[in-house]
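Have a look at run_13.cif below; it lists mmCIF, C-alpha atoms.
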```cif
data_my_file
loop_
_atom_site.group_PDB
_atom_site.id
_atom_site.type_symbol
_atom_site.label_atom_id
_atom_site.label_comp_id
_atom_site.auth_asym_id
_atom_site.auth_seq_id
_atom_site.Cartn_x
_atom_site.Cartn_y
_atom_site.Cartn_z
ATOM 1 C CA MET U 15 -7.876 -42.656 19.424
ATOM 2 C CA THR U 16 -5.901 -40.475 17.025
ATOM 3 C CA GLN U 17 -5.786 -36.710 16.872
ATOM 4 C CA LEU U 18 -3.968 -34.075 14.843
ATOM 5 C CA THR U 19 -0.649 -32.643 16.004
ATOM 6 C CA THR U 20 -0.173 -28.871 16.264
ATOM 7 C CA ALA U 21 1.632 -28.711 12.897
ATOM 8 C CA GLU U 22 -1.115 -30.785 11.294
ATOM 9 C CA ARG U 23 -3.760 -28.500 12.784
ATOM 10 C CA ILE U 24 -2.085 -25.422 11.290
ATOM 11 C CA ALA U 25 -1.732 -27.032 7.842
ATOM 12 C CA LEU U 26 -5.052 -28.839 7.667
ATOM 13 C CA TYR U 27 -7.304 -26.357 9.475
ATOM 14 C CA GLY U 28 -5.471 -23.428 7.842
ATOM 15 C CA GLY U 29 -5.555 -24.905 4.335
ATOM 16 C CA GLY U 30 -9.127 -26.152 4.626
ATOM 17 C CA GLY U 31 -10.224 -22.899 6.265
ATOM 18 C CA LEU U 32 -8.787 -20.760 3.462
ATOM 19 C CA LEU U 33 -10.404 -22.992 0.832
ATOM 20 C CA LEU U 34 -13.741 -22.739 2.625
ATOM 21 C CA ILE U 35 -13.406 -18.941 2.848
ATOM 22 C CA GLY U 36 -12.623 -18.824 -0.899
ATOM 23 C CA THR U 37 -15.535 -21.026 -1.936
ATOM 24 C CA LEU U 38 -18.295 -20.929 0.659
ATOM 25 C CA GLY U 39 -17.460 -17.758 2.640
ATOM 26 C CA ILE U 40 -16.943 -15.326 -0.233
ATOM 27 C CA GLY U 41 -19.626 -17.157 -2.219
ATOM 28 C CA LEU U 42 -22.198 -16.442 0.496
ATOM 29 C CA LEU U 43 -20.999 -12.836 0.775
ATOM 30 C CA GLU U 44 -21.447 -12.372 -2.979
ATOM 31 C CA ILE U 45 -24.982 -13.758 -2.779
ATOM 32 C CA VAL U 46 -25.977 -11.618 0.209
ATOM 33 C CA ALA U 47 -24.195 -8.329 -0.566
ATOM 34 C CA GLY U 48 -22.805 -8.628 -4.096
ATOM 35 C CA ALA U 49 -24.197 -7.668 -7.469
ATOM 36 C CA PRO U 50 -26.628 -9.980 -9.263
ATOM 37 C CA HIS U 51 -25.036 -11.891 -12.131
ATOM 38 C CA PRO U 52 -26.723 -11.055 -15.431
ATOM 39 C CA VAL U 53 -26.367 -13.575 -18.253
ATOM 40 C CA SER U 54 -24.919 -12.285 -21.523
ATOM 41 C CA GLY U 55 -26.310 -13.068 -24.985
ATOM 42 C CA GLU U 56 -23.879 -15.983 -25.250
ATOM 43 C CA GLY U 57 -25.156 -17.485 -22.000
ATOM 44 C CA GLN U 58 -22.030 -16.397 -20.150
ATOM 45 C CA ILE U 59 -22.543 -15.118 -16.611
ATOM 46 C CA VAL U 60 -21.123 -11.593 -16.333
ATOM 47 C CA HIS U 61 -19.365 -11.195 -12.997
ATOM 48 C CA GLU U 62 -19.379 -7.932 -11.066
ATOM 49 C CA THR U 63 -17.911 -9.077 -7.814
ATOM 50 C CA LEU U 64 -17.622 -7.546 -4.363
ATOM 51 C CA VAL U 65 -14.322 -9.339 -3.716
ATOM 52 C CA PRO U 66 -11.958 -9.169 -6.724
ATOM 53 C CA LEU U 67 -11.574 -12.575 -8.360
ATOM 54 C CA SER U 68 -7.782 -12.331 -8.078
ATOM 55 C CA VAL U 69 -8.083 -11.917 -4.280
ATOM 56 C CA ARG U 70 -10.443 -14.892 -4.095
ATOM 57 C CA SER U 71 -8.076 -16.988 -6.229
ATOM 58 C CA SER U 72 -5.098 -16.022 -4.063
ATOM 59 C CA ILE U 73 -6.907 -17.044 -0.858
ATOM 60 C CA MET U 74 -7.750 -20.438 -2.358
ATOM 61 C CA LEU U 75 -4.260 -20.883 -3.784
ATOM 62 C CA LEU U 76 -2.784 -20.207 -0.339
ATOM 63 C CA GLY U 77 -5.075 -22.868 1.127
ATOM 64 C CA LEU U 78 -4.003 -25.414 -1.492
ATOM 65 C CA LEU U 79 -0.362 -24.470 -0.926
ATOM 66 C CA LEU U 80 -0.700 -25.198 2.809
ATOM 67 C CA TRP U 81 -2.160 -28.619 1.979
ATOM 68 C CA GLY U 82 0.611 -29.253 -0.557
ATOM 69 C CA VAL U 83 3.387 -28.295 1.855
ATOM 70 C CA TYR U 84 1.807 -30.512 4.529
ATOM 71 C CA ALA U 85 1.624 -33.477 2.102
ATOM 72 C CA ALA U 86 5.189 -32.984 0.848
ATOM 73 C CA SER U 87 6.585 -32.556 4.370
ATOM 74 C CA SER U 88 4.880 -35.788 5.505
ATOM 75 C CA VAL U 89 7.775 -37.704 4.006
ATOM 76 C CA ALA U 90 10.127 -36.177 6.581
ATOM 77 C CA ARG U 91 7.983 -37.343 9.500
ATOM 78 C CA GLU U 92 7.927 -40.711 11.215
ATOM 79 C CA PRO U 93 6.468 -43.266 8.764
ATOM 80 C CA PRO U 94 2.999 -44.558 9.636
ATOM 81 C CA ALA U 95 2.600 -48.023 11.134
ATOM 82 C CA ASP U 96 1.320 -50.584 8.641
ATOM 83 C CA THR U 97 -1.158 -53.007 10.183
ATOM 84 C CA SER U 98 -1.722 -54.832 6.879
ATOM 85 C CA ILE U 99 1.654 -56.633 6.895
ATOM 86 C CA MET R 26 -18.436 -55.640 8.851
ATOM 87 C CA VAL R 27 -18.379 -52.222 10.442
ATOM 88 C CA THR R 28 -15.256 -50.613 11.861
ATOM 89 C CA ASP R 29 -15.049 -47.664 14.227
ATOM 90 C CA ILE R 30 -12.966 -44.659 13.224
ATOM 91 C CA ARG R 31 -11.947 -43.261 16.586
ATOM 92 C CA THR R 32 -10.583 -39.742 16.389
ATOM 93 C CA ARG R 33 -10.908 -36.126 17.530
ATOM 94 C CA LEU R 34 -11.367 -33.046 15.363
ATOM 95 C CA LEU R 35 -11.657 -29.380 16.429
ATOM 96 C CA GLY R 36 -11.318 -30.546 20.041
ATOM 97 C CA ARG R 37 -14.306 -32.879 19.868
ATOM 98 C CA ASP R 38 -14.697 -36.624 19.732
ATOM 99 C CA VAL R 39 -15.896 -37.280 16.177
ATOM 100 C CA SER R 40 -15.635 -41.079 16.189
ATOM 101 C CA PHE R 41 -17.910 -42.740 13.654
ATOM 102 C CA PRO R 42 -18.593 -46.209 12.236
ATOM 103 C CA VAL R 43 -17.689 -47.107 8.630
ATOM 104 C CA GLU R 44 -19.043 -50.040 6.621
ATOM 105 C CA GLU R 45 -15.713 -51.566 5.537
ATOM 106 C CA SER R 46 -16.764 -53.333 2.328
ATOM 107 C CA ARG R 47 -18.513 -50.222 0.993
ATOM 108 C CA LEU R 48 -15.468 -48.069 1.743
ATOM 109 C CA ALA R 49 -13.209 -50.535 -0.122
ATOM 110 C CA TYR R 50 -15.683 -50.588 -3.037
ATOM 111 C CA TRP R 51 -15.779 -46.789 -3.340
ATOM 112 C CA LEU R 52 -12.007 -46.492 -3.127
ATOM 113 C CA VAL R 53 -11.612 -48.810 -6.120
ATOM 114 C CA VAL R 54 -14.396 -47.153 -8.134
ATOM 115 C CA MET R 55 -12.942 -43.677 -7.558
ATOM 116 C CA ARG R 56 -9.426 -44.851 -8.348
ATOM 117 C CA LEU R 57 -10.451 -46.508 -11.622
ATOM 118 C CA ILE R 58 -12.584 -43.648 -12.918
ATOM 119 C CA VAL R 59 -10.159 -40.882 -11.954
ATOM 120 C CA GLY R 60 -7.301 -43.047 -13.249
ATOM 121 C CA TRP R 61 -8.983 -43.465 -16.629
ATOM 122 C CA TRP R 62 -9.694 -39.712 -16.735
ATOM 123 C CA PHE R 63 -5.951 -38.990 -16.567
ATOM 124 C CA LEU R 64 -4.755 -41.989 -18.587
ATOM 125 C CA HIS R 65 -7.102 -40.986 -21.395
ATOM 126 C CA ALA R 66 -5.960 -37.358 -21.242
ATOM 127 C CA GLY R 67 -2.314 -38.422 -21.440
ATOM 128 C CA LEU R 68 -2.697 -41.045 -24.179
ATOM 129 C CA ASP R 69 -4.857 -38.674 -26.207
ATOM 130 C CA LYS R 70 -1.995 -36.181 -26.324
ATOM 131 C CA PHE R 71 0.554 -38.853 -27.291
ATOM 132 C CA LEU R 72 -1.717 -40.183 -30.050
ATOM 133 C CA ALA R 73 -2.095 -36.658 -31.481
ATOM 134 C CA TRP R 74 1.643 -35.897 -31.050
ATOM 135 C CA PRO R 75 3.202 -33.309 -31.086
ATOM 136 C CA PHE R 76 1.552 -31.745 -28.051
ATOM 137 C CA ASP R 77 1.958 -28.000 -27.673
ATOM 138 C CA ALA R 78 1.227 -26.531 -24.216
ATOM 139 C CA SER R 79 2.166 -22.976 -25.195
ATOM 140 C CA TRP R 80 -1.503 -21.902 -25.144
ATOM 141 C CA PHE R 81 -1.717 -23.082 -21.526
ATOM 142 C CA VAL R 82 1.533 -21.707 -20.104
ATOM 143 C CA GLY R 83 1.591 -18.504 -22.157
ATOM 144 C CA GLY R 84 -1.072 -16.235 -23.619
ATOM 145 C CA ALA R 85 -4.158 -15.801 -21.462
ATOM 146 C CA ALA R 86 -2.664 -17.867 -18.640
ATOM 147 C CA ALA R 87 -0.077 -15.126 -18.080
ATOM 148 C CA GLN R 88 -2.802 -12.952 -16.500
ATOM 149 C CA THR R 89 -3.846 -15.574 -13.960
ATOM 150 C CA THR R 90 -2.727 -15.972 -10.332
ATOM 151 C CA LEU R 91 -0.237 -18.653 -11.395
ATOM 152 C CA GLY R 92 0.844 -16.607 -14.437
ATOM 153 C CA PRO R 93 4.245 -15.513 -13.030
ATOM 154 C CA ILE R 94 5.230 -19.189 -12.659
ATOM 155 C CA LEU R 95 3.606 -20.443 -15.855
ATOM 156 C CA VAL R 96 5.224 -17.896 -18.195
ATOM 157 C CA LEU R 97 8.660 -19.237 -17.203
ATOM 158 C CA PHE R 98 7.629 -22.401 -19.075
ATOM 159 C CA SER R 99 6.254 -20.618 -22.148
ATOM 160 C CA ASP R 100 9.272 -20.955 -24.438
ATOM 161 C CA GLY R 101 12.632 -22.638 -24.973
ATOM 162 C CA ILE R 102 13.711 -25.756 -23.170
ATOM 163 C CA LEU R 103 11.183 -25.326 -20.343
ATOM 164 C CA LEU R 104 8.320 -25.326 -22.892
ATOM 165 C CA SER R 105 9.762 -28.505 -24.450
ATOM 166 C CA PHE R 106 9.936 -29.992 -20.935
ATOM 167 C CA THR R 107 6.275 -29.049 -20.315
ATOM 168 C CA ASN R 108 5.192 -30.473 -23.682
ATOM 169 C CA VAL R 109 6.582 -33.866 -22.652
ATOM 170 C CA MET R 110 5.888 -33.832 -18.906
ATOM 171 C CA VAL R 111 2.182 -32.956 -19.090
ATOM 172 C CA PRO R 112 1.176 -35.976 -21.245
ATOM 173 C CA LEU R 113 3.776 -38.242 -19.599
ATOM 174 C CA GLY R 114 2.679 -37.158 -16.123
ATOM 175 C CA GLN R 115 -1.001 -37.633 -16.938
ATOM 176 C CA THR R 116 -0.324 -41.095 -18.403
ATOM 177 C CA LEU R 117 1.738 -42.247 -15.411
ATOM 178 C CA ILE R 118 -0.704 -40.796 -12.879
ATOM 179 C CA GLY R 119 -3.582 -42.532 -14.683
ATOM 180 C CA LEU R 120 -1.713 -45.855 -14.876
ATOM 181 C CA GLY R 121 -0.652 -45.584 -11.230
ATOM 182 C CA LEU R 122 -4.237 -45.092 -10.084
ATOM 183 C CA ILE R 123 -5.717 -47.813 -12.301
ATOM 184 C CA VAL R 124 -3.279 -50.535 -11.220
ATOM 185 C CA GLY R 125 -2.933 -49.071 -7.709
ATOM 186 C CA ALA R 126 0.840 -48.650 -7.888
ATOM 187 C CA LEU R 127 2.545 -45.795 -5.998
ATOM 188 C CA THR R 128 -0.991 -44.551 -5.523
ATOM 189 C CA ARG R 129 -0.280 -41.777 -3.036
ATOM 190 C CA LEU R 130 2.544 -40.402 -5.182
ATOM 191 C CA ALA R 131 0.346 -40.533 -8.303
ATOM 192 C CA ALA R 132 -2.546 -38.845 -6.490
ATOM 193 C CA PHE R 133 -0.236 -36.125 -5.113
ATOM 194 C CA PHE R 134 0.999 -35.236 -8.584
ATOM 195 C CA GLY R 135 -2.567 -35.478 -9.904
ATOM 196 C CA ALA R 136 -3.602 -32.833 -7.368
ATOM 197 C CA PHE R 137 -0.495 -30.804 -8.293
ATOM 198 C CA LEU R 138 -1.453 -30.767 -11.991
ATOM 199 C CA MET R 139 -5.100 -30.064 -11.185
ATOM 200 C CA THR R 140 -4.051 -26.948 -9.238
ATOM 201 C CA PHE R 141 -2.703 -25.469 -12.489
ATOM 202 C CA PHE R 142 -5.702 -26.619 -14.558
ATOM 203 C CA TYR R 143 -8.114 -25.268 -11.937
ATOM 204 C CA PHE R 144 -6.709 -21.747 -11.748
ATOM 205 C CA VAL R 145 -5.878 -21.324 -15.449
ATOM 206 C CA ASN R 146 -9.182 -22.732 -16.737
ATOM 207 C CA GLY R 147 -11.170 -20.945 -14.028
ATOM 208 C CA GLU R 148 -9.567 -17.533 -14.239
ATOM 209 C CA THR R 149 -9.324 -17.371 -18.041
ATOM 210 C CA GLY R 150 -13.015 -18.301 -18.142
ATOM 211 C CA GLY R 151 -13.855 -15.626 -15.544
ATOM 212 C CA TRP R 152 -15.225 -18.342 -13.193
ATOM 213 C CA SER R 153 -18.366 -18.076 -15.302
ATOM 214 C CA HIS R 154 -20.047 -20.963 -13.470
ATOM 215 C CA GLY R 155 -18.657 -20.259 -10.005
ATOM 216 C CA VAL R 156 -15.389 -21.201 -8.316
ATOM 217 C CA VAL R 157 -16.342 -24.797 -7.557
ATOM 218 C CA THR R 158 -15.578 -26.421 -10.909
ATOM 219 C CA GLY R 159 -14.955 -29.953 -12.122
ATOM 220 C CA ASP R 160 -11.239 -29.203 -11.891
ATOM 221 C CA LEU R 161 -11.519 -28.357 -8.166
ATOM 222 C CA LEU R 162 -13.599 -31.480 -7.510
ATOM 223 C CA GLY R 163 -10.992 -33.553 -9.400
ATOM 224 C CA LEU R 164 -8.283 -32.031 -7.208
ATOM 225 C CA LEU R 165 -10.267 -32.917 -4.066
ATOM 226 C CA ILE R 166 -10.757 -36.526 -5.242
ATOM 227 C CA PHE R 167 -6.993 -36.832 -5.791
ATOM 228 C CA ALA R 168 -6.453 -35.507 -2.250
ATOM 229 C CA MET R 169 -8.986 -38.014 -0.910
ATOM 230 C CA ILE R 170 -7.355 -40.941 -2.745
ATOM 231 C CA ALA R 171 -3.952 -39.901 -1.370
ATOM 232 C CA THR R 172 -5.349 -39.549 2.152
ATOM 233 C CA LEU R 173 -7.159 -42.882 2.200
ATOM 234 C CA GLY R 174 -4.353 -44.868 0.542
ATOM 235 C CA ALA R 175 -6.661 -46.479 -2.007
ATOM 236 C CA GLY R 176 -3.901 -48.523 -3.677
ATOM 237 C CA ARG R 177 -4.157 -51.372 -1.151
ATOM 238 C CA VAL R 178 -7.592 -52.347 -2.438
ATOM 239 C CA LEU R 179 -7.160 -54.618 -5.490
ATOM 240 C CA GLY R 180 -3.953 -52.740 -6.248
ATOM 241 C CA VAL R 181 -0.240 -53.403 -6.719
ATOM 242 C CA ASP R 182 0.506 -51.396 -3.551
ATOM 243 C CA ALA R 183 -0.873 -54.255 -1.421
ATOM 244 C CA TYR R 184 1.970 -56.374 -2.848
ATOM 245 C CA LEU R 185 4.564 -53.574 -2.650
ATOM 246 C CA ALA R 186 3.772 -53.009 1.043
ATOM 247 C CA ARG R 187 4.797 -56.598 1.794
ATOM 248 C CA THR R 188 8.117 -56.460 -0.046
ATOM 249 C CA GLU R 189 11.300 -56.523 1.970
ATOM 250 C CA PHE R 190 12.401 -53.265 0.348
ATOM 251 C CA VAL R 191 9.395 -51.329 1.684
ATOM 252 C CA ARG R 192 9.681 -53.035 5.091
ATOM 253 C CA ASP R 193 13.317 -51.907 5.253
ATOM 254 C CA HIS R 194 12.412 -48.398 4.074
ATOM 255 C CA PRO R 195 9.095 -47.689 5.856
ATOM 256 C CA ARG R 196 9.106 -44.066 4.670
ATOM 257 C CA LEU R 197 8.099 -45.432 1.255
ATOM 258 C CA ARG R 198 4.649 -46.045 2.764
ATOM 259 C CA TYR R 199 4.033 -42.369 2.111
ATOM 260 C CA PHE R 200 4.267 -43.054 -1.637
ATOM 261 C CA ILE R 201 2.293 -46.261 -1.901
ATOM 262 C CA GLY R 202 -1.414 -46.508 -1.159
#
```
Take the structure in the file and write it out as structure tokens.
Amino acid sequence: MTQLTTAERIALYGGGGLLLIGTLGIGLLEIVAGAPHPVSGEGQIVHETLVPLSVRSSIMLLGLLLWGVYAASSVAREPPADTSI
Amino acid sequence: MVTDIRTRLLGRDVSFPVEESRLAYWLVVMRLIVGWWFLHAGLDKFLAWPFDASWFVGGAAAQTTLGPILVLFSDGILLSFTNVMVPLGQTLIGLGLIVGALTRLAAFFGAFLMTFFYFVNGETGGWSHGVVTGDLLGLLIFAMIATLGAGRVLGVDAYLARTEFVRDHPRLRYFIG
């Protein structure tokens, strides 16, 4: 049975957690406590958000960065066993 | 045939069975469609050469979260570099996924490019249809392809994995599927 190491937990749970906060968490908050989104004449949804979009973007970017650093740093770790050869 | 994935997540045993042939099938389907998506995007730019990315790395993009990085590439030699690397990168990523060669490396750089597309397209459009966009889903599919090593299924990576060079340099397994 395999399980994540501590470093993997930080990168994967941290990165995934931040992405989930940015999408699902803040999304739910906006639905429950935010302003309704009226549609403009051009069909564009006009955003009046509770959490500034730049803050939301930064949270998600940080999550993606954690994933990226984890993926890039994989190369420095012990290579995985290959059972196909 | 069904195989058992035996693992723990969040401190709990989350082992589950996977139908092997269906997993292999989906890996190839995803790889081919996402590969064509990028190969088409790259070739399209080469066929309509010259490609000018200044609208993407300058202008409205300067106000986005990634703006401070992007504006560095908005003129001079770094803009010329971007004008070549975006179509070349997309073409190579697409080719890599379609033939299953250096699949993990291709998928990593696919996700890297999608990060820029996601934030610039999303923020300049005011996230008018929410933050979960096609760009984010594309990024997640690249991450999934890289994680699952899809290049071994009907791909060149199955051959590369058996070469003496990769056996002697096992770290290369992080780049192939």
Extract, using only C-alpha atoms, all DNA, RNA and protein residues at most 10 Å from Gly77 in chain U, discarding same-chain residues fewer than 2 positions from it, and format them as a JSON list (two decimals) with C-alpha atoms, in the frame of the given file.
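Output saved as selection-v2.json:
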```json
[["chain", "number", "residue", "atom", "x", "y", "z"],
["U", 25, "ALA", "CA", -1.73, -27.03, 7.84],
["U", 26, "LEU", "CA", -5.05, -28.84, 7.67],
["U", 27, "TYR", "CA", -7.30, -26.36, 9.48],
["U", 28, "GLY", "CA", -5.47, -23.43, 7.84],
["U", 29, "GLY", "CA", -5.56, -24.90, 4.34],
["U", 30, "GLY", "CA", -9.13, -26.15, 4.63],
["U", 31, "GLY", "CA", -10.22, -22.90, 6.26],
["U", 32, "LEU", "CA", -8.79, -20.76, 3.46],
["U", 33, "LEU", "CA", -10.40, -22.99, 0.83],
["U", 34, "LEU", "CA", -13.74, -22.74, 2.62],
["U", 35, "ILE", "CA", -13.41, -18.94, 2.85],
["U", 36, "GLY", "CA", -12.62, -18.82, -0.90],
["U", 71, "SER", "CA", -8.08, -16.99, -6.23],
["U", 72, "SER", "CA", -5.10, -16.02, -4.06],
["U", 73, "ILE", "CA", -6.91, -17.04, -0.86],
["U", 74, "MET", "CA", -7.75, -20.44, -2.36],
["U", 75, "LEU", "CA", -4.26, -20.88, -3.78],
["U", 79, "LEU", "CA", -0.36, -24.47, -0.93],
["U", 80, "LEU", "CA", -0.70, -25.20, 2.81],
["U", 81, "TRP", "CA", -2.16, -28.62, 1.98],
["U", 82, "GLY", "CA", 0.61, -29.25, -0.56]]
```
(message) Using only C-alpha atoms, which protein or nucleic acid residues come within 9 Å of Val53 in chain R? Drop anything in the same chain fewer than 4 positions from it, and give the result as JSON, numbers by chain.
(response) {"R": [48, 49, 57, 58, 123, 125, 175, 176, 178, 179, 180]}
(request) Given the file shown, determine the residues that the PyMOL selection byres ((chain R) within 9 of (chain U)) selects; report them as a VMD selection string. (result) chain R and resid 30 to 36 40 89 to 91 133 136 to 137 140 144 148 151 to 157 183 186 to 187 192 195 to 200
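With CA of Asn146 in chain R on one side and CA of Glu56 in chain U on the other, the separation reads 18.3 Å.
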(message) Given the PyMOL selection byres ((chain R and resi 55) around 10) and the file above, list the residues it selects as a ChimeraX atom specification.
(response) /R:50-54,56-61,122-123,166-167,169-170,175
Output file for the selection above: C-alpha atoms, as a compact mmCIF listing (two decimals), in the frame of the given file:
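Saved the output as result_6.txt:
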```
# COMPACT_ATOMS: atom_id res chain seq x y z
CA TYR R 50 -15.68 -50.59 -3.04
CA TRP R 51 -15.78 -46.79 -3.34
CA LEU R 52 -12.01 -46.49 -3.13
CA VAL R 53 -11.61 -48.81 -6.12
CA VAL R 54 -14.40 -47.15 -8.13
CA ARG R 56 -9.43 -44.85 -8.35
CA LEU R 57 -10.45 -46.51 -11.62
CA ILE R 58 -12.58 -43.65 -12.92
CA VAL R 59 -10.16 -40.88 -11.95
CA GLY R 60 -7.30 -43.05 -13.25
CA TRP R 61 -8.98 -43.46 -16.63
CA LEU R 122 -4.24 -45.09 -10.08
CA ILE R 123 -5.72 -47.81 -12.30
CA ILE R 166 -10.76 -36.53 -5.24
CA PHE R 167 -6.99 -36.83 -5.79
CA MET R 169 -8.99 -38.01 -0.91
CA ILE R 170 -7.36 -40.94 -2.74
CA ALA R 175 -6.66 -46.48 -2.01
```
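CA of Val181 in chain R is found 19.8 Å from CA of Glu45 in chain R.
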(request) Quote the spacing between CA of Leu64 in chain R and CA of Ala87 in chain R in Å to one decimal place. (result) 27.3 Å
As JSON, please report the centre and edge lengths, rounded to one decimal in Å, of the axis-aligned box that holds all listed atoms of range 53-70 of chain R with 8 Å of padding on each of the six sides.
```
{"center_x": -8.2, "center_y": -42.5, "center_z": -16.2, "size_x": 28.4, "size_y": 28.6, "size_z": 36.2}
```
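Here the question is which of R:Gly174, R:Gly202, R:Asp77, R:Ala132 gets nearest to Gln115 in chain R using all atoms listed in the file, and that residue is R:Ala132.
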(request) Given the file shown, enumerate the residues that the PyMOL selection byres ((chain R and resi 76) around 12) captures and present them as a PyMOL selection string. (result) chain R and resi 66-75+77-81+104-113
Can you write just those residues out, C-alpha atoms, as a PDB file, keeping the file's coordinate frame?
```pdb
ATOM      1  CA  ALA R  66      -5.960 -37.358 -21.242  1.00  0.00           C
ATOM      2  CA  GLY R  67      -2.314 -38.422 -21.440  1.00  0.00           C
ATOM      3  CA  LEU R  68      -2.697 -41.045 -24.179  1.00  0.00           C
ATOM      4  CA  ASP R  69      -4.857 -38.674 -26.207  1.00  0.00           C
ATOM      5  CA  LYS R  70      -1.995 -36.181 -26.324  1.00  0.00           C
ATOM      6  CA  PHE R  71       0.554 -38.853 -27.291  1.00  0.00           C
ATOM      7  CA  LEU R  72      -1.717 -40.183 -30.050  1.00  0.00           C
ATOM      8  CA  ALA R  73      -2.095 -36.658 -31.481  1.00  0.00           C
ATOM      9  CA  TRP R  74       1.643 -35.897 -31.050  1.00  0.00           C
ATOM     10  CA  PRO R  75       3.202 -33.309 -31.086  1.00  0.00           C
ATOM     11  CA  ASP R  77       1.958 -28.000 -27.673  1.00  0.00           C
ATOM     12  CA  ALA R  78       1.227 -26.531 -24.216  1.00  0.00           C
ATOM     13  CA  SER R  79       2.166 -22.976 -25.195  1.00  0.00           C
ATOM     14  CA  TRP R  80      -1.503 -21.902 -25.144  1.00  0.00           C
ATOM     15  CA  PHE R  81      -1.717 -23.082 -21.526  1.00  0.00           C
ATOM     16  CA  LEU R 104       8.320 -25.326 -22.892  1.00  0.00           C
ATOM     17  CA  SER R 105       9.762 -28.505 -24.450  1.00  0.00           C
ATOM     18  CA  PHE R 106       9.936 -29.992 -20.935  1.00  0.00           C
ATOM     19  CA  THR R 107       6.275 -29.049 -20.315  1.00  0.00           C
ATOM     20  CA  ASN R 108       5.192 -30.473 -23.682  1.00  0.00           C
ATOM     21  CA  VAL R 109       6.582 -33.866 -22.652  1.00  0.00           C
ATOM     22  CA  MET R 110       5.888 -33.832 -18.906  1.00  0.00           C
ATOM     23  CA  VAL R 111       2.182 -32.956 -19.090  1.00  0.00           C
ATOM     24  CA  PRO R 112       1.176 -35.976 -21.245  1.00  0.00           C
ATOM     25  CA  LEU R 113       3.776 -38.242 -19.599  1.00  0.00           C
TER      26      LEU R 113
END
```
(request) In the coordinate frame of the file, compute which residues have an atom within 8 Å of (2.7, -20.9, -17.8) when using all atoms listed in the file, and state them as a ChimeraX atom specification. (result) /R:79,81-83,86-87,91-99
